[in-house]
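Raw query34.txt, compact mmCIF, C-alpha atoms and all ligand atoms:
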# COMPACT_ATOMS: atom_id res chain seq x y z
CA MET A 28 26.94 6.06 2.40
CA LEU A 29 24.41 7.88 0.26
CA TYR A 30 23.05 6.00 -2.76
CA GLN A 31 21.31 8.11 -5.40
CA PRO A 32 19.04 6.25 -7.82
CA GLU A 33 19.01 7.59 -11.38
CA LYS A 34 16.79 5.23 -13.35
CA ILE A 35 14.04 3.55 -11.39
CA LEU A 36 11.66 0.75 -12.26
CA VAL A 37 8.55 0.99 -10.06
CA THR A 38 6.40 -2.15 -10.10
CA GLY A 39 2.76 -1.63 -9.12
CA GLY A 40 3.09 2.11 -9.74
CA ALA A 41 -0.55 2.42 -10.78
CA GLY A 42 -1.80 1.19 -7.40
CA PHE A 43 -2.37 3.14 -4.20
CA ILE A 44 1.07 3.44 -2.61
CA GLY A 45 3.00 3.02 -5.86
CA ALA A 46 1.21 5.93 -7.57
CA ASN A 47 1.79 8.15 -4.54
CA PHE A 48 5.45 7.07 -4.63
CA VAL A 49 5.81 8.05 -8.30
CA HIS A 50 4.36 11.51 -7.57
CA PHE A 51 6.57 11.87 -4.51
CA TRP A 52 9.70 10.76 -6.34
CA LEU A 53 9.31 12.92 -9.43
CA GLN A 54 8.55 15.95 -7.29
CA ASN A 55 11.64 15.42 -5.14
CA TYR A 56 14.02 14.07 -7.80
CA PRO A 57 12.89 15.57 -11.13
CA GLU A 58 16.25 14.74 -12.69
CA SER A 59 15.71 10.99 -12.32
CA ARG A 60 13.82 8.70 -14.73
CA VAL A 61 10.87 6.60 -13.58
CA VAL A 62 9.49 3.61 -15.49
CA VAL A 63 6.29 2.05 -14.10
CA LEU A 64 5.50 -1.61 -14.75
CA ASP A 65 1.92 -2.44 -13.83
CA ALA A 66 -0.54 -5.13 -14.93
CA LEU A 67 -3.54 -2.85 -14.24
CA THR A 68 -5.48 -5.36 -12.19
CA TYR A 69 -8.73 -4.20 -10.56
CA ALA A 70 -6.54 -2.25 -8.07
CA GLY A 71 -4.36 -0.53 -10.66
CA ASN A 72 -5.58 2.57 -12.41
CA ARG A 73 -3.67 4.52 -15.01
CA ALA A 74 -5.62 7.63 -14.07
CA ASN A 75 -3.63 7.62 -10.82
CA LEU A 76 -0.61 8.69 -12.88
CA LEU A 77 -2.30 11.29 -15.08
CA SER A 78 -0.34 14.19 -13.64
CA VAL A 79 2.99 12.68 -14.73
CA GLU A 80 1.93 11.07 -18.03
CA GLY A 81 3.62 12.85 -20.91
CA GLN A 82 6.64 13.94 -18.87
CA GLU A 83 9.88 13.04 -20.64
CA ASN A 84 11.37 11.33 -17.62
CA PHE A 85 8.32 9.07 -17.12
CA ARG A 86 7.21 5.93 -18.95
CA PHE A 87 4.29 3.61 -18.28
CA VAL A 88 4.54 -0.05 -19.31
CA HIS A 89 1.44 -2.21 -19.16
CA GLY A 90 2.76 -5.63 -18.21
CA ASP A 91 3.10 -8.35 -15.63
CA ILE A 92 5.94 -8.78 -13.15
CA ARG A 93 5.72 -12.52 -13.87
CA ASP A 94 6.83 -11.90 -17.47
CA TYR A 95 10.58 -12.63 -17.18
CA ASP A 96 11.50 -11.54 -20.71
CA LEU A 97 9.67 -8.24 -20.33
CA VAL A 98 11.30 -7.47 -16.97
CA LEU A 99 14.72 -8.43 -18.31
CA SER A 100 14.41 -6.22 -21.37
CA LEU A 101 13.11 -3.29 -19.31
CA LEU A 102 16.04 -3.51 -16.90
CA ARG A 103 18.47 -3.70 -19.84
CA ASP A 104 16.96 -1.25 -22.31
CA GLU A 105 16.19 1.39 -19.72
CA GLN A 106 19.52 0.88 -17.92
CA ILE A 107 17.61 0.64 -14.64
CA ASP A 108 19.77 0.93 -11.52
CA THR A 109 17.00 0.75 -8.90
CA LEU A 110 13.90 -1.42 -8.70
CA VAL A 111 11.21 -0.44 -6.19
CA HIS A 112 8.78 -3.31 -5.85
CA PHE A 113 5.20 -2.45 -4.87
CA ALA A 114 3.26 -4.76 -7.21
CA ALA A 115 1.17 -7.22 -5.24
CA GLU A 116 -2.25 -8.55 -4.54
CA SER A 117 -2.85 -6.58 -1.37
CA HIS A 118 -6.30 -7.18 0.12
CA VAL A 119 -6.56 -9.67 3.00
CA ASP A 120 -10.25 -10.45 2.40
CA ARG A 121 -9.56 -11.36 -1.23
CA SER A 122 -6.70 -13.60 -0.13
CA ILE A 123 -9.08 -15.50 2.14
CA HIS A 124 -11.56 -16.11 -0.67
CA GLY A 125 -8.95 -16.82 -3.37
CA PRO A 126 -5.33 -17.30 -2.30
CA ASP A 127 -3.95 -18.52 -5.67
CA GLU A 128 -3.48 -15.10 -7.21
CA PHE A 129 -1.59 -14.01 -4.09
CA ILE A 130 0.90 -16.83 -4.41
CA ASP A 131 1.29 -16.24 -8.15
CA THR A 132 1.87 -12.50 -7.97
CA ASN A 133 3.43 -11.98 -4.57
CA VAL A 134 5.68 -15.03 -4.45
CA ILE A 135 6.31 -16.11 -8.06
CA GLY A 136 6.19 -12.50 -9.31
CA THR A 137 8.75 -11.33 -6.77
CA HIS A 138 10.97 -14.25 -7.68
CA VAL A 139 10.80 -13.38 -11.39
CA LEU A 140 11.93 -9.82 -10.57
CA LEU A 141 14.79 -11.12 -8.42
CA LYS A 142 15.93 -13.54 -11.14
CA ALA A 143 15.88 -10.80 -13.78
CA ALA A 144 17.69 -8.34 -11.49
CA LYS A 145 20.36 -10.96 -10.77
CA ALA A 146 20.81 -11.70 -14.48
CA VAL A 147 21.18 -8.05 -15.42
CA TRP A 148 22.93 -6.55 -12.41
CA LEU A 149 25.19 -9.40 -11.35
CA GLU A 150 25.86 -11.32 -14.55
CA ASP A 151 25.89 -8.70 -17.30
CA PRO A 152 29.23 -6.84 -17.57
CA LEU A 153 27.51 -3.82 -19.15
CA ALA A 154 25.07 -3.44 -16.26
CA PRO A 155 24.92 -0.23 -14.22
CA ARG A 156 26.70 -0.46 -10.89
CA PRO A 157 25.85 0.02 -8.12
CA HIS A 158 22.25 -1.14 -8.08
CA ARG A 159 19.43 -1.51 -5.56
CA PHE A 160 16.36 -3.77 -5.26
CA HIS A 161 13.95 -2.31 -2.70
CA HIS A 162 11.14 -4.60 -1.60
CA VAL A 163 8.00 -3.03 -0.11
CA SER A 164 6.47 -5.28 2.51
CA THR A 165 4.06 -5.20 5.41
CA ASP A 166 3.95 -5.54 9.20
CA GLU A 167 1.39 -8.33 8.70
CA VAL A 168 4.27 -10.81 8.24
CA TYR A 169 4.82 -10.67 12.01
CA GLY A 170 1.32 -11.94 12.79
CA THR A 171 -0.81 -10.61 15.60
CA LEU A 172 -0.07 -8.92 18.95
CA GLN A 173 -1.83 -9.24 22.29
CA PRO A 174 -2.84 -5.91 23.90
CA ASN A 175 0.09 -6.03 26.35
CA GLU A 176 2.77 -7.09 23.83
CA GLN A 177 5.50 -4.78 22.56
CA PRO A 178 5.19 -3.46 18.96
CA PHE A 179 6.96 -5.42 16.20
CA THR A 180 10.69 -4.90 15.75
CA GLU A 181 12.72 -6.14 12.78
CA THR A 182 13.86 -9.14 14.82
CA ASN A 183 10.37 -10.42 15.63
CA GLN A 184 9.77 -13.92 14.37
CA TYR A 185 7.63 -14.13 11.23
CA ALA A 186 4.18 -15.58 12.01
CA PRO A 187 1.85 -14.67 9.13
CA ASN A 188 -1.81 -15.58 9.59
CA SER A 189 -3.61 -14.75 6.32
CA PRO A 190 -2.71 -16.06 2.87
CA TYR A 191 -1.83 -12.44 1.97
CA ALA A 192 0.56 -12.12 4.91
CA ALA A 193 2.06 -15.55 4.19
CA SER A 194 2.67 -14.62 0.54
CA LYS A 195 4.38 -11.38 1.59
CA ALA A 196 6.47 -13.22 4.19
CA SER A 197 7.52 -15.68 1.53
CA SER A 198 8.56 -12.85 -0.81
CA ASP A 199 10.55 -11.20 2.01
CA HIS A 200 12.48 -14.45 2.49
CA LEU A 201 13.25 -14.72 -1.23
CA VAL A 202 14.57 -11.14 -1.28
CA ARG A 203 16.78 -11.91 1.71
CA ALA A 204 18.01 -15.14 0.10
CA TYR A 205 19.02 -13.36 -3.11
CA HIS A 206 21.16 -11.03 -1.02
CA GLU A 207 22.71 -13.73 1.16
CA THR A 208 23.28 -16.19 -1.69
CA TYR A 209 24.08 -14.07 -4.73
CA GLY A 210 24.98 -10.70 -3.26
CA LEU A 211 22.05 -8.81 -4.82
CA GLN A 212 21.93 -5.37 -3.18
CA VAL A 213 18.55 -5.44 -1.52
CA THR A 214 16.68 -3.51 1.15
CA THR A 215 13.24 -4.30 2.56
CA SER A 216 10.74 -2.16 4.44
CA ASN A 217 7.82 -3.51 6.49
CA CYS A 218 5.16 -0.88 6.95
CA SER A 219 1.95 -0.58 8.93
CA ASN A 220 -1.51 0.25 7.46
CA ASN A 221 -1.43 3.14 5.01
CA TYR A 222 -4.17 5.63 4.21
CA GLY A 223 -4.44 8.61 1.86
CA PRO A 224 -5.34 9.56 -1.75
CA TYR A 225 -5.89 6.86 -4.42
CA GLN A 226 -6.54 4.03 -1.97
CA PHE A 227 -8.94 1.55 -3.55
CA PRO A 228 -12.29 1.73 -1.72
CA GLU A 229 -12.25 -1.87 -0.55
CA LYS A 230 -9.87 -0.92 2.29
CA LEU A 231 -11.36 0.32 5.54
CA ILE A 232 -10.93 4.11 5.40
CA PRO A 233 -12.04 4.87 1.80
CA LEU A 234 -14.78 2.23 2.06
CA ILE A 235 -16.25 3.96 5.09
CA ILE A 236 -16.07 7.42 3.47
CA GLY A 237 -17.89 6.25 0.32
CA ASN A 238 -20.49 4.28 2.23
CA ILE A 239 -21.40 7.23 4.46
CA LEU A 240 -21.72 9.53 1.45
CA ASP A 241 -23.99 7.01 -0.29
CA GLY A 242 -25.93 6.04 2.84
CA ARG A 243 -24.78 2.41 2.81
CA PRO A 244 -24.11 0.29 5.93
CA LEU A 245 -20.65 0.57 7.51
CA PRO A 246 -19.52 -3.05 7.97
CA ILE A 247 -17.56 -3.57 11.18
CA TYR A 248 -16.00 -7.03 11.36
CA GLY A 249 -16.69 -8.66 14.75
CA ASP A 250 -16.50 -6.34 17.74
CA GLY A 251 -14.47 -3.69 15.87
CA LEU A 252 -11.86 -3.61 18.63
CA GLN A 253 -9.06 -4.86 16.38
CA ILE A 254 -6.14 -2.43 16.35
CA ARG A 255 -4.10 -1.14 13.41
CA ASP A 256 -1.20 1.33 13.34
CA TRP A 257 -2.04 3.93 10.65
CA LEU A 258 0.45 5.91 8.57
CA TYR A 259 -0.21 8.57 5.94
CA VAL A 260 0.97 7.26 2.56
CA ASP A 261 3.50 10.06 1.93
CA ASP A 262 5.14 9.28 5.26
CA HIS A 263 5.55 5.67 4.11
CA ASN A 264 7.12 6.86 0.86
CA ARG A 265 9.48 9.21 2.69
CA GLY A 266 10.60 6.20 4.71
CA ILE A 267 11.18 4.15 1.54
CA ASP A 268 13.17 7.03 0.07
CA LEU A 269 15.41 7.12 3.17
CA VAL A 270 15.93 3.36 3.12
CA ILE A 271 16.85 3.33 -0.58
CA ARG A 272 19.31 6.21 -0.33
CA GLN A 273 20.75 5.73 3.15
CA GLY A 274 19.74 2.27 4.33
CA LYS A 275 22.24 -0.54 4.77
CA VAL A 276 22.20 -3.14 2.02
CA GLY A 277 20.74 -6.46 3.19
CA GLU A 278 18.81 -4.83 6.05
CA THR A 279 15.11 -4.56 6.75
CA TYR A 280 13.46 -1.48 8.27
CA ASN A 281 10.07 -1.20 9.95
CA ILE A 282 8.10 1.94 9.06
CA GLY A 283 5.19 3.04 11.25
CA GLY A 284 3.32 5.99 12.61
CA ASN A 285 3.13 5.18 16.32
CA ASN A 286 -0.58 5.66 15.80
CA GLU A 287 -2.71 2.76 17.05
CA TRP A 288 -6.49 2.93 16.63
CA THR A 289 -9.28 0.43 17.01
CA ASN A 290 -11.33 0.02 13.84
CA ILE A 291 -14.52 1.20 15.53
CA ALA A 292 -12.82 4.38 16.78
CA ILE A 293 -11.61 5.21 13.26
CA VAL A 294 -15.06 4.62 11.80
CA LYS A 295 -16.64 6.87 14.44
CA LEU A 296 -14.02 9.55 13.81
CA ILE A 297 -14.80 9.56 10.07
CA CYS A 298 -18.52 9.68 10.86
CA ASN A 299 -18.05 12.71 13.11
CA LEU A 300 -15.83 14.55 10.63
CA LEU A 301 -18.40 14.03 7.87
CA ASP A 302 -21.28 15.06 10.18
CA GLU A 303 -19.39 18.35 10.68
CA LYS A 304 -18.90 18.80 6.94
CA PHE A 305 -22.59 18.27 6.20
CA ALA A 306 -23.78 20.65 8.95
CA GLY A 307 -25.36 23.68 7.25
CA ASN A 308 -23.77 22.77 3.91
CA GLU A 309 -26.62 22.67 1.40
CA ALA A 310 -24.36 22.09 -1.61
CA MET A 311 -22.94 18.97 0.00
CA LYS A 312 -26.41 17.70 0.87
CA LYS A 313 -27.42 18.14 -2.79
CA ARG A 314 -24.34 16.25 -3.96
CA PHE A 315 -24.89 13.28 -1.66
CA PRO A 316 -28.67 12.95 -1.23
CA GLN A 317 -28.44 9.41 0.21
CA ALA A 318 -26.19 10.43 3.12
CA PRO A 319 -27.99 10.10 6.48
CA GLN A 320 -27.06 13.69 7.41
CA VAL A 321 -29.39 14.93 4.65
CA SER A 322 -32.42 13.65 6.55
CA GLY A 323 -31.20 14.75 9.99
CA GLY A 324 -29.36 11.51 10.83
CA LYS A 325 -25.73 10.85 11.68
CA GLY A 326 -23.03 8.74 10.03
CA GLU A 327 -22.81 6.50 13.09
CA GLY A 328 -26.38 5.34 12.46
CA LEU A 329 -25.01 3.30 9.53
CA ILE A 330 -22.62 1.22 11.68
CA THR A 331 -23.42 -2.47 11.24
CA HIS A 332 -21.54 -5.26 12.98
CA VAL A 333 -21.03 -8.19 10.59
CA LYS A 334 -19.40 -11.61 10.82
CA ASP A 335 -15.71 -11.41 11.68
CA ARG A 336 -12.95 -11.97 9.11
CA LEU A 337 -11.50 -15.50 9.28
CA GLY A 338 -8.18 -15.59 11.16
CA HIS A 339 -8.57 -11.86 11.88
CA ASP A 340 -5.38 -10.43 13.40
CA ARG A 341 -6.24 -8.60 16.60
CA ARG A 342 -3.51 -6.02 16.70
CA TYR A 343 -0.60 -4.69 14.63
CA ALA A 344 1.84 -2.11 15.98
CA ILE A 345 5.22 -1.05 14.67
CA ASN A 346 8.36 -0.16 16.58
CA ALA A 347 10.09 2.23 14.19
CA ALA A 348 13.13 2.88 16.41
CA LYS A 349 15.62 1.46 13.88
CA ILE A 350 14.70 3.74 10.96
CA THR A 351 14.30 6.65 13.39
CA THR A 352 17.68 6.35 15.04
CA GLU A 353 19.71 5.06 12.06
CA LEU A 354 18.17 7.14 9.27
CA GLY A 355 16.54 10.06 11.12
CA TYR A 356 12.99 9.13 10.08
CA SER A 357 9.86 10.58 11.60
CA PRO A 358 6.36 10.93 10.12
CA MET A 359 5.39 14.47 9.11
CA GLU A 360 1.63 14.01 9.12
CA SER A 361 -0.36 13.64 12.35
CA PHE A 362 -3.45 11.43 12.17
CA GLU A 363 -5.60 14.50 12.76
CA THR A 364 -4.19 16.28 9.69
CA GLY A 365 -3.78 13.16 7.56
CA ILE A 366 -7.34 11.94 7.96
CA ARG A 367 -8.74 15.41 7.17
CA LYS A 368 -6.57 15.62 4.03
CA THR A 369 -7.75 12.18 3.00
CA LEU A 370 -11.40 13.04 3.55
CA ASP A 371 -11.02 16.21 1.48
CA TRP A 372 -9.29 14.26 -1.29
CA TYR A 373 -12.17 11.77 -1.54
CA LEU A 374 -14.69 14.62 -1.52
CA ASP A 375 -12.77 16.42 -4.27
CA ASN A 376 -12.29 13.25 -6.32
CA GLU A 377 -15.71 11.69 -6.30
CA GLY A 378 -15.36 10.82 -10.01
CA TRP A 379 -12.24 8.75 -9.28
CA TRP A 380 -13.71 6.54 -6.57
CA ARG A 381 -17.00 6.05 -8.36
CA ALA A 382 -15.15 4.93 -11.49
CA VAL A 383 -12.85 2.47 -9.76
CA MET A 384 -15.79 1.01 -7.85
CA ASP A 385 -17.76 0.21 -11.02
CA GLY A 386 -17.37 -3.24 -12.48
CA SER A 387 -15.16 -5.91 -11.00
CA TYR A 388 -15.12 -4.58 -7.45
CA ARG A 389 -18.90 -4.49 -7.10
CA GLN A 390 -19.29 -7.92 -8.70
CA TRP A 391 -16.69 -9.35 -6.34
CA VAL A 392 -18.44 -7.91 -3.29
CA GLU A 393 -21.76 -9.31 -4.43
CA LEU A 394 -20.28 -12.74 -5.09
CA ASN A 395 -18.39 -13.08 -1.82
CA TYR A 396 -20.45 -11.06 0.60
CA SER A 397 -23.98 -12.08 -0.28
CA GLN A 398 -23.87 -14.53 2.63
CA GLY A 399 -22.29 -13.84 5.98
CA HIS A 400 -20.88 -10.33 5.75
P1 LIG B 1 -2.72 -1.92 -4.44
O1 LIG B 1 -3.50 -3.19 -4.43
O2 LIG B 1 -3.42 -0.61 -4.33
O3 LIG B 1 -1.84 -1.85 -5.77
C1 LIG B 1 -1.15 -2.95 -6.30
C2 LIG B 1 -0.69 -2.60 -7.71
O4 LIG B 1 0.04 -3.73 -8.22
C3 LIG B 1 -1.84 -2.35 -8.68
O5 LIG B 1 -1.57 -1.22 -9.48
C4 LIG B 1 -1.87 -3.60 -9.53
O6 LIG B 1 -2.36 -3.38 -10.86
C5 LIG B 1 -0.40 -4.01 -9.53
N1 LIG B 1 -0.21 -5.44 -9.79
C6 LIG B 1 -0.85 -6.49 -9.19
N2 LIG B 1 -0.42 -7.65 -9.72
C7 LIG B 1 0.52 -7.33 -10.65
C8 LIG B 1 1.35 -8.10 -11.51
N3 LIG B 1 1.29 -9.44 -11.54
N4 LIG B 1 2.21 -7.46 -12.33
C9 LIG B 1 2.29 -6.10 -12.32
N5 LIG B 1 1.53 -5.33 -11.54
C10 LIG B 1 0.65 -5.94 -10.70
O7 LIG B 1 -1.65 -2.10 -3.30
P2 LIG B 1 -1.03 -1.02 -2.30
O8 LIG B 1 -1.91 -0.86 -1.13
O9 LIG B 1 -0.60 0.16 -3.08
O10 LIG B 1 0.26 -1.82 -1.79
C11 LIG B 1 1.50 -1.72 -2.49
C12 LIG B 1 2.54 -2.58 -1.78
O11 LIG B 1 2.69 -2.14 -0.43
C13 LIG B 1 2.15 -4.06 -1.69
O12 LIG B 1 3.31 -4.83 -1.92
C14 LIG B 1 1.65 -4.23 -0.26
O13 LIG B 1 1.90 -5.53 0.19
C15 LIG B 1 2.52 -3.22 0.46
N6 LIG B 1 1.93 -2.65 1.69
C16 LIG B 1 0.67 -2.10 1.67
C17 LIG B 1 0.16 -1.51 2.83
C18 LIG B 1 -1.21 -0.86 2.84
O14 LIG B 1 -1.68 -0.45 3.90
N7 LIG B 1 -1.89 -0.72 1.72
C19 LIG B 1 0.92 -1.51 4.00
C20 LIG B 1 2.20 -2.07 3.99
C21 LIG B 1 2.70 -2.62 2.81
P1 LIG B 2 -8.09 -3.33 5.72
O1 LIG B 2 -8.24 -1.91 5.30
O2 LIG B 2 -8.64 -4.40 4.82
O3 LIG B 2 -6.54 -3.56 6.00
P2 LIG B 2 -5.77 -4.82 6.71
O4 LIG B 2 -6.66 -6.00 6.69
O5 LIG B 2 -4.60 -4.98 5.81
O6 LIG B 2 -5.42 -4.35 8.08
O7 LIG B 2 -8.77 -3.52 7.14
C1 LIG B 2 -8.37 -2.73 8.24
C2 LIG B 2 -9.11 -3.25 9.45
O8 LIG B 2 -10.50 -2.95 9.29
C3 LIG B 2 -9.03 -4.76 9.61
O9 LIG B 2 -8.96 -5.06 11.01
C4 LIG B 2 -10.34 -5.26 9.03
C5 LIG B 2 -11.30 -4.14 9.33
N1 LIG B 2 -12.39 -3.95 8.35
C6 LIG B 2 -13.72 -3.88 8.80
O10 LIG B 2 -14.01 -3.99 10.01
N2 LIG B 2 -14.69 -3.68 7.88
C7 LIG B 2 -14.43 -3.57 6.54
O11 LIG B 2 -15.37 -3.43 5.72
C8 LIG B 2 -13.06 -3.65 6.11
C9 LIG B 2 -12.70 -3.54 4.64
C10 LIG B 2 -12.07 -3.83 7.06
For the file at hand, write its structure as C-alpha cells.
Amino acid sequence: MLYQPEKILVTGGAGFIGANFVHFWLQNYPESRVVVLDALTYAGNRANLLSVEGQENFRFVHGDIRDYDLVLSLLRDEQIDTLVHFAAESHVDRSIHGPDEFIDTNVIGTHVLLKAAKAVWLEDPLAPRPHRFHHVSTDEVYGTLQPNEQPFTETNQYAPNSPYAASKASSDHLVRAYHETYGLQVTTSNCSNNYGPYQFPEKLIPLIIGNILDGRPLPIYGDGLQIRDWLYVDDHNRGIDLVIRQGKVGETYNIGGNNEWTNIAIVKLICNLLDEKFAGNEAMKKRFPQAPQVSGGKGEGLITHVKDRLGHDRRYAINAAKITTELGYSPMESFETGIRKTLDWYLDNEGWWRAVMDGSYRQWVELNYSQGH
C-alpha cells in the first residue's frame, strides 16, 4: 500500500546525504512540508540548504536530536507524520580516535527520537495517523566480506567492526525493538558507500579531488585493495523514497549500486579524469597552481601509501535484490556518469569545500594524523 508523507522531519538534513535528500524531496514533492533538525556539527553546513531556505514549505531548526523536549515539541507543533533519520557521527576514522560522540549521537540520539515518536504517535490521541519512522543506516553493520563471499543480504548476521559501525548496528536494533515492542511504524535502509555533491572532504572521493587540486599527497591506507560498493547519493535517496512510500513496515532494505571498486582503482580513476581536465586548459592551471599537472606531472604521482586504518574492513558489497524485486528499485546513475558529475560539482563549488575544510577539520587532521598516517 502506498504511504504518502505530508509533513516530514529530516534529522541531519544539513549533512551530505540529508541535504541531498531535502533537495530531492522538495523537487519531487513540492506540496509536502520539510522541517530539518540539525546540530550543525563540523559535518553539517547550513549553506548546503541555501537553495531551499526561504521557501514556505521548509524550516530549519538548529538543535540536537538528543534534546527530547525539542524533538517532542517539533513533532507536535509541526504535526509531523514522517521522520527520516540521517543525523549521525559518520566518519569511521573519527570513531576510532574518539568513539564517545558516536555512542552519544548514534545510539542515545536515535533512542531519544524513538521515545519522542512513540510519545507523540502512539500515545497522543491528537497525533497524525498513520506515521512513519525511517532510519537511515549503513552496510557496515554487517562487517567485512572475503573476496569470494556473497554480498550482504538483509538476513546477514550483524558483525560490526568499527565503533561507528557498532553504534549504527545498535541504533538499528533499537529501531527494530520499538516496532516489535510498541508497534512504532518503522522502516530501515542499509546502504553502501555514497558519493556526490556536498560530501565533506574527509571521505575518500572528495578528499582525493581536493588533494590533487592542491598538490597534496593522496593517502592510501595499507595496500589500497580494500573494496567498497559505491552509489551516487541521489540513487540512495530514491531508494529511501521508495522504502518510505512503498516499503513494508518493520522491514529493512539494503540499497546498493552493484558497483565494487578497490580504493586504489578509484583514486587512479579520479587522477586520470583530472589529468584529462587539466590537459591544455590554461584557466584551470591558473586556478589550481599547486596541482602536479601544472608542472607537467600527473595526479598519480601524489599517491602515498600510509599506515592502514585499525580494524579496516576489507570488503563491503550489497545484494539489493529485495528492494529491486519488491519495490522496483534500480540506480539511475552509472559510476562513469556519477563520478564525472561529482568531479564537476567540486570544480564548480571550490568555495564550498574550501570553507568547510577551514577550522575544525584541519585541526583534527593535524592532531590525529601527525604521527602514523
Ligand atoms: P554527515 O556526517 O555528512 O552528516 C551528518 C549530519 O548530522 C550533519 O549535518 C550533522 O550536523 C548532523 N548531526 C550530527 N550529530 C547531530 C546531533 N546530535 N543532532 C542533530 N544533528 C546532528 O553524514 P552523511 O554521510 O550524510 O550520513 C547520513 C546518514 O547516512 C548517517 O546516519 C550515516 O550513518 C548514513 N550512511 C552514510 C553513508 C555514506 O556513505 N556517507 C552510507 C550509508 C549510510
Ligand atoms: P571512507 O570514505 O572514510 O568511507 P568508509 O570508511 O565508510 O568506507 O573510506 C572509504 C575507503 O577509503 C576505506 O576503505 C578507507 C579508504 N581511505 C583511504 O585509503 N584513504 C583516505 O584518506 C580515506 C579518507 C579513506
If you count only C-alpha atoms, which residues fall within 10 Å of A:Glu83, apart from same-chain ones fewer than 4 positions away, as a list in words? Arg60, Val61 and Val79 of chain A
Using only C-alpha atoms and all ligand atoms, what does the table of chain A residues within 7 Å of ligand LIG 1 (chain B) look like, with each row giving the shortest atom pair and its distance in Å to one decimal, sorted by chain and ascending number, as a Markdown table?
| residue | atom | partner | partner_atom | distance |
| --- | --- | --- | --- | --- |
| A:Thr38 | CA | B:LIG1 | N5 | 6.0 |
| A:Gly39 | CA | B:LIG1 | O4 | 3.6 |
| A:Gly40 | CA | B:LIG1 | O5 | 5.7 |
| A:Ala41 | CA | B:LIG1 | O5 | 4.0 |
| A:Gly42 | CA | B:LIG1 | O5 | 3.2 |
| A:Phe43 | CA | B:LIG1 | O9 | 3.6 |
| A:Ile44 | CA | B:LIG1 | O9 | 3.7 |
| A:Gly45 | CA | B:LIG1 | O9 | 5.4 |
| A:Leu64 | CA | B:LIG1 | C9 | 6.0 |
| A:Asp65 | CA | B:LIG1 | N5 | 3.7 |
| A:Ala66 | CA | B:LIG1 | C9 | 4.0 |
| A:Leu67 | CA | B:LIG1 | O6 | 3.6 |
| A:Thr68 | CA | B:LIG1 | O6 | 3.9 |
| A:Tyr69 | CA | B:LIG1 | O6 | 6.4 |
| A:Ala70 | CA | B:LIG1 | C3 | 4.7 |
| A:Gly71 | CA | B:LIG1 | O5 | 3.1 |
| A:Asn72 | CA | B:LIG1 | O5 | 6.2 |
| A:Gly90 | CA | B:LIG1 | C9 | 5.9 |
| A:Asp91 | CA | B:LIG1 | N4 | 3.5 |
| A:Ile92 | CA | B:LIG1 | N4 | 4.0 |
| A:Arg93 | CA | B:LIG1 | N3 | 5.9 |
| A:His112 | CA | B:LIG1 | O12 | 6.9 |
| A:Phe113 | CA | B:LIG1 | C12 | 4.1 |
| A:Ala114 | CA | B:LIG1 | O4 | 3.5 |
| A:Ala115 | CA | B:LIG1 | C6 | 4.5 |
| A:Glu116 | CA | B:LIG1 | C6 | 5.3 |
| A:Ser117 | CA | B:LIG1 | O1 | 4.6 |
| A:His118 | CA | B:LIG1 | O1 | 6.7 |
| A:Thr132 | CA | B:LIG1 | N3 | 4.7 |
| A:Gly136 | CA | B:LIG1 | N3 | 6.2 |
| A:Val163 | CA | B:LIG1 | O12 | 5.3 |
| A:Ser164 | CA | B:LIG1 | C21 | 4.6 |
| A:Thr165 | CA | B:LIG1 | C21 | 3.9 |
| A:Asp166 | CA | B:LIG1 | C20 | 6.5 |
| A:Lys195 | CA | B:LIG1 | O13 | 6.5 |
| A:Asn217 | CA | B:LIG1 | C20 | 6.3 |
| A:Cys218 | CA | B:LIG1 | C20 | 4.4 |
| A:Ser219 | CA | B:LIG1 | C19 | 5.1 |
| A:Asn220 | CA | B:LIG1 | O14 | 3.6 |
| A:Asn221 | CA | B:LIG1 | O14 | 3.8 |
| A:Tyr222 | CA | B:LIG1 | O14 | 6.6 |
| A:Gln226 | CA | B:LIG1 | O2 | 6.1 |
| A:Phe227 | CA | B:LIG1 | O2 | 6.0 |
Go through chain A residue by residue and, counting only C-alpha atoms and all ligand atoms, keep those with an atom at most 7 Å from ligand LIG 2 (chain B); for each kept residue give the shortest atom pair and its distance in Å to one decimal, ordered by chain and increasing number, as a Markdown table.
| residue | atom | partner | partner_atom | distance |
| --- | --- | --- | --- | --- |
| A:His118 | CA | B:LIG2 | O2 | 5.9 |
| A:Val119 | CA | B:LIG2 | O4 | 5.2 |
| A:Asp120 | CA | B:LIG2 | O2 | 6.7 |
| A:Asn220 | CA | B:LIG2 | O6 | 6.1 |
| A:Glu229 | CA | B:LIG2 | C9 | 5.5 |
| A:Lys230 | CA | B:LIG2 | O1 | 3.6 |
| A:Leu231 | CA | B:LIG2 | O1 | 3.8 |
| A:Ile232 | CA | B:LIG2 | O1 | 6.6 |
| A:Leu234 | CA | B:LIG2 | C9 | 6.7 |
| A:Leu245 | CA | B:LIG2 | O11 | 6.9 |
| A:Pro246 | CA | B:LIG2 | O11 | 4.7 |
| A:Ile247 | CA | B:LIG2 | O10 | 3.8 |
| A:Tyr248 | CA | B:LIG2 | O10 | 3.9 |
| A:Gly251 | CA | B:LIG2 | O10 | 5.9 |
| A:Gln253 | CA | B:LIG2 | O9 | 5.4 |
| A:Ile254 | CA | B:LIG2 | O9 | 6.6 |
| A:Arg255 | CA | B:LIG2 | O6 | 6.4 |
| A:Asn290 | CA | B:LIG2 | O8 | 5.5 |
| A:His339 | CA | B:LIG2 | O9 | 6.9 |
| A:Asp340 | CA | B:LIG2 | O9 | 6.9 |
Report as a Markdown table: every residue of stretch 269-304 of chain A with an atom at most 12 Å from stretch 371-376 of chain A, its closest pair of atoms, and their distance in Å to one decimal, counting only C-alpha atoms, with rows sorted by chain and ascending residue number.
| residue | atom | partner | partner_atom | distance |
| --- | --- | --- | --- | --- |
| A:Ile297 | CA | A:Asp371 | CA | 11.5 |
| A:Leu300 | CA | A:Asp371 | CA | 10.5 |
| A:Leu301 | CA | A:Asp371 | CA | 10.0 |
| A:Lys304 | CA | A:Asp371 | CA | 9.9 |
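Here atom CA of A:Cys298 stands at a distance of 27.7 Å from atom CA of A:Asn264.
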Residues within 10 Å of A:Tyr95, please, as a PyMOL selection string. Count all atoms listed in the file; anything in the same chain fewer than 2 positions from it doesn't count. chain A and resi 91-93+97-101+136+138-143
For atom CA of A:Val147 and atom CA of A:His161, the interatomic separation in Å (one decimal):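 Between atom CA of A:Val147 and atom CA of A:His161 the gap works out to 15.7 Å.
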